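Asker: My structure is stored as upload_7.txt, with compact mmCIF, C-alpha atoms.
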# COMPACT_ATOMS: atom_id res chain seq x y z
CA MET A 1 -0.69 -13.53 -21.01
CA ASN A 2 2.38 -11.39 -21.69
CA ASN A 3 0.44 -8.24 -20.74
CA PHE A 4 -0.66 -9.90 -17.49
CA TYR A 5 2.93 -10.84 -16.68
CA LEU A 6 4.16 -7.34 -17.51
CA GLY A 7 1.41 -5.80 -15.40
CA ILE A 8 2.45 -7.82 -12.35
CA LYS A 9 6.09 -6.89 -12.91
CA PHE A 10 5.17 -3.23 -13.36
CA ALA A 11 3.21 -3.25 -10.09
CA LEU A 12 6.15 -4.78 -8.25
CA SER A 13 8.63 -2.31 -9.74
CA TYR A 14 6.45 0.76 -9.19
CA PHE A 15 4.96 0.07 -5.76
CA THR A 16 7.84 -1.81 -4.08
CA LEU A 17 11.62 -1.79 -3.84
CA LEU A 18 11.80 -5.40 -5.00
CA PRO A 19 14.24 -5.76 -7.92
CA VAL A 20 12.41 -6.17 -11.24
CA ARG A 21 13.92 -5.96 -14.70
CA PHE A 22 12.33 -5.13 -18.03
CA ARG A 23 13.39 -5.48 -21.63
CA GLU A 24 13.59 -2.45 -23.88
CA SER A 25 10.85 -3.96 -26.03
CA ASP A 26 8.35 -4.19 -23.14
CA ASP A 27 5.39 -1.85 -23.66
CA LEU A 28 4.34 -0.69 -20.20
CA SER A 29 1.88 1.91 -21.51
CA SER A 30 -0.58 -0.67 -22.84
CA PRO A 31 -4.05 -0.34 -21.20
CA ALA A 32 -4.03 -4.10 -20.52
CA VAL A 33 -0.70 -3.82 -18.69
CA LEU A 34 -1.86 -0.81 -16.67
CA ARG A 35 -5.15 -2.53 -15.81
CA THR A 36 -3.31 -5.60 -14.53
CA MET A 37 -0.89 -3.37 -12.63
CA LEU A 38 -3.76 -1.73 -10.77
CA PHE A 39 -5.64 -4.99 -10.26
CA ALA A 40 -2.51 -6.38 -8.59
CA LEU A 41 -2.11 -3.38 -6.27
CA PRO A 42 -4.04 -4.85 -3.29
CA ALA A 43 -2.06 -8.08 -3.73
CA ILE A 44 1.11 -5.98 -3.49
CA GLY A 45 -0.17 -4.76 -0.13
CA LEU A 46 -0.72 -8.35 0.98
CA LEU A 47 2.79 -9.26 -0.13
CA LEU A 48 4.42 -6.39 1.75
CA ALA A 49 2.37 -7.09 4.87
CA GLY A 50 3.31 -10.77 4.68
CA MET A 51 6.99 -9.93 4.39
CA SER A 52 6.78 -7.59 7.39
CA ILE A 53 4.95 -10.21 9.44
CA ALA A 54 7.56 -12.83 8.51
CA LEU A 55 10.32 -10.43 9.60
CA PHE A 56 8.55 -9.83 12.90
CA LEU A 57 8.22 -13.57 13.55
CA ALA A 58 11.96 -13.91 12.94
CA LEU A 59 12.69 -11.00 15.30
CA GLU A 60 9.96 -11.78 17.85
CA PRO A 61 12.49 -12.73 20.58
CA LEU A 62 13.53 -9.04 20.55
CA GLY A 63 10.05 -8.01 21.71
CA TRP A 64 8.99 -4.46 20.87
CA VAL A 65 12.29 -3.77 19.12
CA GLY A 66 11.53 -6.51 16.60
CA ALA A 67 8.01 -5.12 16.15
CA LEU A 68 9.38 -1.63 15.43
CA ILE A 69 11.86 -2.98 12.90
CA ALA A 70 9.19 -5.03 11.12
CA ALA A 71 6.79 -2.07 11.12
CA GLY A 72 9.46 0.16 9.61
CA ALA A 73 10.27 -2.52 7.06
CA TYR A 74 6.71 -2.33 5.72
CA MET A 75 7.23 1.30 4.74
CA ILE A 76 10.77 0.70 3.54
CA LEU A 77 9.53 -2.07 1.25
CA TYR A 78 7.31 0.38 -0.63
CA GLY A 79 10.14 2.90 -0.68
CA PHE A 80 8.23 5.43 1.45
CA LEU A 81 6.38 6.20 -1.79
CA HIS A 82 3.15 7.14 -0.03
CA THR A 83 4.96 8.88 2.84
CA GLU A 84 6.62 11.17 0.32
CA ALA A 85 3.15 11.95 -0.98
CA VAL A 86 2.10 13.11 2.50
CA ILE A 87 5.05 15.50 2.53
CA ASP A 88 4.24 16.98 -0.88
CA VAL A 89 0.53 17.34 -0.12
CA ALA A 90 1.17 19.00 3.24
CA ASP A 91 3.53 21.50 1.60
CA ALA A 92 1.01 22.24 -1.16
CA ILE A 93 -1.90 22.77 1.25
CA HIS A 94 0.08 25.17 3.42
CA ALA A 95 1.37 26.97 0.33
CA ALA A 96 -2.23 27.42 -0.84
CA HIS A 97 -3.04 29.02 2.51
CA GLY A 98 -0.28 31.51 1.77
CA GLY A 99 -1.67 32.39 -1.65
CA LYS A 100 0.77 30.29 -3.70
CA ASP A 101 -0.17 27.89 -6.49
CA PRO A 102 -0.42 24.48 -4.79
CA TYR A 103 0.16 22.63 -8.07
CA GLU A 104 3.47 24.40 -8.63
CA VAL A 105 4.52 23.65 -5.05
CA ILE A 106 3.54 19.99 -5.17
CA LYS A 107 5.65 19.50 -8.30
CA GLU A 108 8.80 21.05 -6.78
CA PRO A 109 11.62 18.56 -6.05
CA THR A 110 12.35 20.24 -2.71
CA VAL A 111 10.29 20.01 0.47
CA GLY A 112 9.32 22.61 3.02
CA ALA A 113 9.29 22.59 6.80
CA MET A 114 5.60 21.73 7.09
CA GLY A 115 5.99 18.79 4.75
CA VAL A 116 8.87 17.42 6.79
CA LEU A 117 6.91 17.79 10.02
CA TYR A 118 3.78 16.12 8.66
CA GLY A 119 5.81 13.36 7.00
CA THR A 120 7.78 12.67 10.19
CA MET A 121 4.63 12.57 12.28
CA SER A 122 2.89 10.19 9.87
CA VAL A 123 5.88 7.82 9.98
CA LEU A 124 6.01 7.90 13.77
CA ILE A 125 2.28 7.28 14.15
CA LYS A 126 2.16 4.54 11.54
CA THR A 127 5.22 2.78 12.93
CA ALA A 128 3.73 2.78 16.42
CA LEU A 129 0.38 1.50 15.17
CA LEU A 130 1.86 -1.26 13.01
CA ALA A 131 4.15 -2.32 15.84
CA SER A 132 1.11 -2.57 18.13
CA LEU A 133 -0.68 -4.78 15.61
CA LEU A 134 2.33 -7.05 15.44
CA MET A 135 2.85 -7.17 19.20
CA HIS A 136 -0.79 -8.19 19.67
CA GLN A 137 -0.48 -10.85 16.96
CA HIS A 138 -3.13 -9.17 14.79
CA PHE A 139 -1.57 -10.50 11.61
CA ALA A 140 -4.83 -10.92 9.70
CA ALA A 141 -5.76 -7.33 10.51
CA PHE A 142 -2.35 -6.14 9.24
CA ALA A 143 -2.89 -7.95 5.95
CA ALA A 144 -6.45 -6.66 5.66
CA VAL A 145 -5.37 -3.06 6.24
CA ALA A 146 -2.68 -3.31 3.56
CA MET A 147 -5.21 -4.70 1.11
CA ILE A 148 -8.16 -2.43 1.94
CA GLY A 149 -6.05 0.72 1.80
CA ARG A 150 -5.11 -0.07 -1.79
CA LEU A 151 -8.66 -1.06 -2.73
CA GLY A 152 -9.72 2.35 -1.48
CA LEU A 153 -7.08 3.88 -3.71
CA LEU A 154 -8.60 2.06 -6.71
CA ALA A 155 -12.03 3.44 -5.77
CA VAL A 156 -10.66 6.99 -5.64
CA LEU A 157 -8.97 6.44 -8.99
CA SER A 158 -12.27 5.33 -10.52
CA PHE A 159 -14.50 8.10 -9.12
CA PHE A 160 -12.35 11.23 -9.39
CA ALA A 161 -10.61 13.09 -12.21
CA PHE A 162 -6.89 13.83 -11.87
CA ARG A 163 -4.51 16.55 -12.91
CA SER A 164 -1.81 14.11 -13.92
CA THR A 165 -1.17 12.57 -17.31
CA PHE A 166 0.04 9.25 -15.91
CA VAL A 167 -2.73 8.91 -13.31
CA SER A 168 -5.33 9.85 -15.93
CA GLN A 169 -3.89 7.13 -18.14
CA LEU A 170 -4.21 4.66 -15.27
CA ARG A 171 -7.78 5.79 -14.66
CA ALA A 172 -8.71 5.32 -18.29
CA SER A 173 -7.43 1.73 -18.21
CA PHE A 174 -9.32 0.80 -15.03
CA GLY A 175 -13.08 1.21 -15.33
CA LYS A 176 -15.90 0.47 -12.93
CA THR A 177 -16.09 -3.16 -14.10
CA ALA A 178 -12.45 -3.74 -13.20
CA LEU A 179 -13.06 -2.09 -9.83
CA LEU A 180 -16.00 -4.41 -9.10
CA GLY A 181 -13.92 -7.40 -10.16
CA ALA A 182 -11.05 -6.40 -7.88
CA GLY A 183 -13.48 -5.81 -5.03
CA ALA A 184 -15.00 -9.26 -5.46
CA VAL A 185 -11.67 -11.10 -5.66
CA TYR A 186 -10.07 -9.37 -2.71
CA SER A 187 -13.25 -9.54 -0.64
CA LEU A 188 -13.04 -13.34 -0.85
CA ILE A 189 -9.50 -13.17 0.46
CA GLY A 190 -10.54 -10.72 3.17
CA PHE A 191 -13.43 -12.91 4.34
CA TRP A 192 -11.02 -15.81 4.56
CA LEU A 193 -8.74 -13.67 6.74
CA LEU A 194 -11.26 -11.96 9.03
CA SER A 195 -14.76 -13.19 8.20
CA TRP A 196 -17.50 -10.56 8.63
CA PRO A 197 -15.34 -7.90 10.35
CA PHE A 198 -13.62 -7.56 6.99
CA ALA A 199 -16.84 -6.27 5.43
CA VAL A 200 -17.03 -3.49 8.02
CA ALA A 201 -13.37 -2.64 7.53
CA LEU A 202 -13.71 -2.67 3.74
CA GLY A 203 -16.73 -0.38 3.74
CA SER A 204 -15.07 1.96 6.21
CA GLY A 205 -11.79 1.97 4.29
CA VAL A 206 -13.34 2.77 0.92
CA ALA A 207 -15.56 5.47 2.45
CA LEU A 208 -12.54 7.02 4.20
CA ALA A 209 -10.51 6.95 0.99
CA LEU A 210 -13.25 8.77 -0.93
CA LEU A 211 -13.76 11.27 1.89
CA ILE A 212 -10.05 12.06 2.20
CA ALA A 213 -9.76 12.46 -1.57
CA LEU A 214 -12.75 14.83 -1.55
CA LEU A 215 -11.21 16.91 1.25
CA LEU A 216 -7.85 17.03 -0.52
CA ARG A 217 -9.48 18.13 -3.77
CA ARG A 218 -11.26 20.88 -1.89
CA ALA A 219 -8.03 22.02 -0.21
CA LEU A 220 -5.82 21.78 -3.30
CA GLY A 221 -8.25 22.38 -6.13
CA PHE A 222 -7.10 19.19 -7.88
CA LEU A 223 -6.03 15.61 -7.32
CA ASN A 224 -2.84 13.92 -8.53
CA GLY A 225 -0.67 10.94 -7.67
CA ASP A 226 0.52 12.55 -4.43
CA ALA A 227 -3.08 12.96 -3.30
CA LEU A 228 -3.62 9.24 -3.92
CA GLY A 229 -0.60 8.34 -1.80
CA ALA A 230 -1.63 10.68 1.02
CA SER A 231 -5.12 9.19 0.95
CA LEU A 232 -3.69 5.69 1.27
CA GLU A 233 -1.57 6.65 4.25
CA GLY A 234 -4.54 8.25 5.98
CA VAL A 235 -6.79 5.24 5.39
CA GLU A 236 -4.21 2.77 6.70
CA ILE A 237 -3.59 4.80 9.85
CA LEU A 238 -7.31 5.16 10.60
CA LEU A 239 -8.06 1.49 9.88
CA ILE A 240 -5.28 0.33 12.20
CA LEU A 241 -6.68 2.61 14.91
CA GLY A 242 -10.04 0.95 14.39
CA PHE A 243 -8.61 -2.54 14.74
CA LEU A 244 -6.69 -1.59 17.90
CA TRP A 245 -9.59 0.25 19.53
CA PRO A 246 -10.77 -1.77 22.58
Would you mind writing the structure in this file as structure tokens?
Answerer:
Amino acid sequence: MNNFYLGIKFALSYFTLLPVRFRESDDLSSPAVLRTMLFALPAIGLLLAGMSIALFLALEPLGWVGALIAAGAYMILYGFLHTEAVIDVADAIHAAHGGKDPYEVIKEPTVGAMGVLYGTMSVLIKTALLASLLMHQHFAAFAAVAMIGRLGLLAVLSFFAFRSTFVSQLRASFGKTALLGAGAVYSLIGFWLLSWPFAVALGSGVALALLIALLLRRALGFLNGDALGASLEGVEILLILGFLWP
């Protein structure tokens, strides 16, 4: 039970800006803790989406301004963690085109011009898309996107090898059985939210996540935590486009 509790706390502290405290004696490297952390990841997406929707409902009298603020809040709540990944991956891919080692570039603390441009564009596009979902009252779709994007991330984690000690440790703690269990639990929630359209969205989201990861591995020569984050951003953007398409 303590490992389960620590795993939930670890997920909140790692994937959100919500304040979480740990004791010095807490062992966050335990496979059971890491497995729970990953299992909770789609629920973290639901939580962040719910908080953004609640903020929009409070700001709804402001119209599109309230929608933009709530859409931005979604990304702020996860600390732009995955947006930063887009920046690093874009820099690494363009560095590889120039003959540089993409792994060395992706690990640098600084960012290049291409990374800034790609990161800015992804924020603008995602903010506009999320604001459109909110303005059209597609709250269930918002929640489903946040959940499916992270389920896709778990699928990528299970099916690909990574050039990252921490991500490899996460992968070792989360096998195919855990992935199937997470898929079953969150599919029940998704069907409650959207009924059968959720199945289409889930299949599309997981397929997109695997495809994006495959393309990134081909472009970079490896996958790491930044590739996971960039994959998540791409899946969420494409899924929202799908929900908004007339």
Asker: What's the separation between CA of Leu202 (chain A) and CA of Phe39 (chain A), in Å to one decimal place?
Answerer: 16.3 Å
Asker: Compare A:Gly221, A:Pro61, A:Gly183, A:Pro197 by their minimum atom-to-atom distance to Phe162 (chain A), counting only C-alpha atoms, and give me the closest one.
Answerer: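 Residue with the minimum atom-to-atom distance to Phe162 (chain A): A:Gly221.
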Asker: Choose the residue, out of A:Asn224, A:Ser25, A:Thr36, A:Ser30, that has the smallest atom-to-atom separation from Tyr5 (chain A); count all atoms listed in the file.
Answerer: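 Of A:Asn224, A:Ser25, A:Thr36, A:Ser30, the one nearest Tyr5 (chain A), counting all atoms listed in the file, is A:Thr36.
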Asker: Which residues are close to region 139-145 of chain A, i.e. within 9 Å by only C-alpha atoms, leaving aside same-chain residues fewer than 6 positions away? Reply as an mmCIF file with C-alpha atoms, in the frame of the given file.
Answerer:
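Result file around-v9.cif:
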data_model
loop_
_atom_site.group_PDB
_atom_site.id
_atom_site.type_symbol
_atom_site.label_atom_id
_atom_site.label_comp_id
_atom_site.auth_asym_id
_atom_site.auth_seq_id
_atom_site.Cartn_x
_atom_site.Cartn_y
_atom_site.Cartn_z
ATOM 1 C CA GLY A 45 -0.170 -4.760 -0.130
ATOM 2 C CA LEU A 46 -0.720 -8.350 0.980
ATOM 3 C CA LEU A 47 2.790 -9.260 -0.130
ATOM 4 C CA LEU A 48 4.420 -6.390 1.750
ATOM 5 C CA ALA A 49 2.370 -7.090 4.870
ATOM 6 C CA GLY A 50 3.310 -10.770 4.680
ATOM 7 C CA ILE A 53 4.950 -10.210 9.440
ATOM 8 C CA LEU A 130 1.860 -1.260 13.010
ATOM 9 C CA LEU A 133 -0.680 -4.780 15.610
ATOM 10 C CA ILE A 189 -9.500 -13.170 0.460
ATOM 11 C CA GLY A 190 -10.540 -10.720 3.170
ATOM 12 C CA LEU A 193 -8.740 -13.670 6.740
ATOM 13 C CA LEU A 194 -11.260 -11.960 9.030
ATOM 14 C CA PHE A 198 -13.620 -7.560 6.990
ATOM 15 C CA ALA A 201 -13.370 -2.640 7.530
ATOM 16 C CA LEU A 202 -13.710 -2.670 3.740
ATOM 17 C CA GLY A 205 -11.790 1.970 4.290
ATOM 18 C CA VAL A 235 -6.790 5.240 5.390
ATOM 19 C CA GLU A 236 -4.210 2.770 6.700
ATOM 20 C CA ILE A 237 -3.590 4.800 9.850
ATOM 21 C CA LEU A 239 -8.060 1.490 9.880
ATOM 22 C CA ILE A 240 -5.280 0.330 12.200
ATOM 23 C CA PHE A 243 -8.610 -2.540 14.740
#
Asker: Would you kindly return, as a list of chain:residue names, each protein, DNA or RNA residue with an atom no farther than 10 Å from any atom of region 69-72 of chain A, considering all atoms listed in the file and excluding same-chain residues fewer than 6 positions away?
Answerer: A:Ala49, A:Met51, A:Ser52, A:Ile53, A:Ala54, A:Leu55, A:Phe56, A:Leu57, A:Ala58, A:Leu59, A:Glu60, A:Leu62, A:Phe80, A:Val123, A:Leu124, A:Lys126, A:Thr127, A:Ala128, A:Leu129, A:Leu130, A:Ala131, A:Ser132, A:Leu133, A:Leu134
Asker: Under the rule that all atoms listed in the file are counted, which of A:Leu6, A:Ala32, A:Ala92, A:Ala184 is the nearest residue to Leu223 (chain A)?
Answerer: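 Once distances to Leu223 (chain A) are computed over all atoms listed in the file, the minimum belongs to A:Ala92.
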Asker: Let me know the centre plus edge lengths, in Å and rounded to one decimal, of a box with edges along x, y and z that contains all listed atoms of region 83-86 of chain A and is padded by 5 Å on every side, as AutoDock Vina command-line options.
Answerer:
--center_x 4.4 --center_y 11.0 --center_z 0.9 --size_x 14.5 --size_y 14.2 --size_z 13.8
Asker: Could you work out how far CA of Val89 (chain A) lies from CA of Leu214 (chain A), giving the answer in Å with one decimal?
Answerer: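 Distance reported for this atom pair: 13.6 Å.
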Asker: Near region 100-117 of chain A, within 9 Å and counting only C-alpha atoms, which residues show up once chain neighbours fewer than 6 positions away are dropped, as a list in words?
Answerer: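 Skipping anything fewer than 6 positions along the chain leaves Glu84, Val86, Ile87, Asp88, Val89, Ala90, Asp91, Ala92, Ile93, His94, Leu220, Gly221, Phe222 and Asp226 of chain A.
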Asker: So, with all atoms listed in the file as the atoms that count, which of A:Ala207, A:Ala161, A:Ile212, A:Leu68 lies closest to Met135 (chain A)?
Answerer: A:Leu68
Asker: Around (-15.9, 3.4, -2.8), as given in the file, which residues come within 12 Å? Count only C-alpha atoms and list them as a ChimeraX atom specification.
Answerer: /A:148-160,176,179-180,183,202-214
Asker: What is the CA of Met147 (chain A) to CA of Pro42 (chain A) distance in Å?
Answerer: 4.6 Å
Asker: Counting all atoms listed in the file, what is within 12 Å of Arg23 (chain A), bar same-chain residues fewer than 2 positions away, as a PyMOL selection string?
Answerer: chain A and resi 6+9-10+20-21+25-28
Asker: Which of these residues is nearest to Leu12 (chain A), using only C-alpha atoms: A:Ala96, A:Leu41, A:Ala227, A:Leu188?
Answerer: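 Closest to Leu12 (chain A), using only C-alpha atoms: A:Leu41.
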Asker: Report as a PyMOL selection string all protein, DNA and RNA residues lying within 7 Å of Met37 (chain A), evaluated on only C-alpha atoms, omitting residues in the same chain fewer than 6 positions from it.
Answerer: chain A and resi 7-8+10-11
Asker: Include C-alpha atoms and write out the residues we just selected as a short mmCIF file (atom, residue, chain, number, x, y, z; two decimals), in the frame of the given file.
Answerer:
data_model
loop_
_atom_site.label_atom_id
_atom_site.label_comp_id
_atom_site.auth_asym_id
_atom_site.auth_seq_id
_atom_site.Cartn_x
_atom_site.Cartn_y
_atom_site.Cartn_z
CA GLY A 7 1.41 -5.80 -15.40
CA ILE A 8 2.45 -7.82 -12.35
CA PHE A 10 5.17 -3.23 -13.36
CA ALA A 11 3.21 -3.25 -10.09
#
Asker: N, CA and C atoms for region 130-146 of chain A, written as a PDB file, in the frame of the given file, could you do that?
Answerer:
ATOM      1  N   LEU A 130       1.520   0.039  13.592  1.00  0.00           N
ATOM      2  CA  LEU A 130       1.860  -1.260  13.010  1.00  0.00           C
ATOM      3  C   LEU A 130       2.571  -2.144  14.028  1.00  0.00           C
ATOM      4  N   ALA A 131       3.451  -1.550  14.810  1.00  0.00           N
ATOM      5  CA  ALA A 131       4.150  -2.320  15.840  1.00  0.00           C
ATOM      6  C   ALA A 131       3.166  -2.882  16.866  1.00  0.00           C
ATOM      7  N   SER A 132       2.127  -2.094  17.193  1.00  0.00           N
ATOM      8  CA  SER A 132       1.110  -2.570  18.130  1.00  0.00           C
ATOM      9  C   SER A 132       0.335  -3.741  17.550  1.00  0.00           C
ATOM     10  N   LEU A 133      -0.007  -3.651  16.254  1.00  0.00           N
ATOM     11  CA  LEU A 133      -0.680  -4.780  15.610  1.00  0.00           C
ATOM     12  C   LEU A 133       0.159  -6.043  15.706  1.00  0.00           C
ATOM     13  N   LEU A 134       1.443  -5.900  15.421  1.00  0.00           N
ATOM     14  CA  LEU A 134       2.330  -7.050  15.440  1.00  0.00           C
ATOM     15  C   LEU A 134       2.508  -7.607  16.854  1.00  0.00           C
ATOM     16  N   MET A 135       2.673  -6.723  17.821  1.00  0.00           N
ATOM     17  CA  MET A 135       2.850  -7.170  19.200  1.00  0.00           C
ATOM     18  C   MET A 135       1.623  -7.902  19.725  1.00  0.00           C
ATOM     19  N   HIS A 136       0.449  -7.530  19.242  1.00  0.00           N
ATOM     20  CA  HIS A 136      -0.790  -8.190  19.670  1.00  0.00           C
ATOM     21  C   HIS A 136      -1.173  -9.348  18.758  1.00  0.00           C
ATOM     22  N   GLN A 137      -0.273  -9.711  17.850  1.00  0.00           N
ATOM     23  CA  GLN A 137      -0.480 -10.850  16.960  1.00  0.00           C
ATOM     24  C   GLN A 137      -1.685 -10.677  16.030  1.00  0.00           C
ATOM     25  N   HIS A 138      -2.007  -9.428  15.689  1.00  0.00           N
ATOM     26  CA  HIS A 138      -3.130  -9.170  14.790  1.00  0.00           C
ATOM     27  C   HIS A 138      -2.645  -9.220  13.337  1.00  0.00           C
ATOM     28  N   PHE A 139      -2.168 -10.361  12.942  1.00  0.00           N
ATOM     29  CA  PHE A 139      -1.570 -10.500  11.610  1.00  0.00           C
ATOM     30  C   PHE A 139      -2.609 -10.402  10.495  1.00  0.00           C
ATOM     31  N   ALA A 140      -3.776 -10.988  10.717  1.00  0.00           N
ATOM     32  CA  ALA A 140      -4.830 -10.920   9.700  1.00  0.00           C
ATOM     33  C   ALA A 140      -5.290  -9.479   9.511  1.00  0.00           C
ATOM     34  N   ALA A 141      -5.363  -8.732  10.607  1.00  0.00           N
ATOM     35  CA  ALA A 141      -5.760  -7.330  10.510  1.00  0.00           C
ATOM     36  C   ALA A 141      -4.712  -6.524   9.743  1.00  0.00           C
ATOM     37  N   PHE A 142      -3.439  -6.797   9.972  1.00  0.00           N
ATOM     38  CA  PHE A 142      -2.350  -6.140   9.240  1.00  0.00           C
ATOM     39  C   PHE A 142      -2.522  -6.374   7.745  1.00  0.00           C
ATOM     40  N   ALA A 143      -2.721  -7.614   7.365  1.00  0.00           N
ATOM     41  CA  ALA A 143      -2.890  -7.950   5.950  1.00  0.00           C
ATOM     42  C   ALA A 143      -4.123  -7.283   5.366  1.00  0.00           C
ATOM     43  N   ALA A 144      -5.212  -7.270   6.144  1.00  0.00           N
ATOM     44  CA  ALA A 144      -6.450  -6.660   5.660  1.00  0.00           C
ATOM     45  C   ALA A 144      -6.287  -5.163   5.450  1.00  0.00           C
ATOM     46  N   VAL A 145      -5.606  -4.500   6.363  1.00  0.00           N
ATOM     47  CA  VAL A 145      -5.370  -3.060   6.240  1.00  0.00           C
ATOM     48  C   VAL A 145      -4.567  -2.753   4.978  1.00  0.00           C
ATOM     49  N   ALA A 146      -3.524  -3.527   4.738  1.00  0.00           N
ATOM     50  CA  ALA A 146      -2.680  -3.310   3.560  1.00  0.00           C
ATOM     51  C   ALA A 146      -3.475  -3.499   2.275  1.00  0.00           C
TER      52      ALA A 146
END
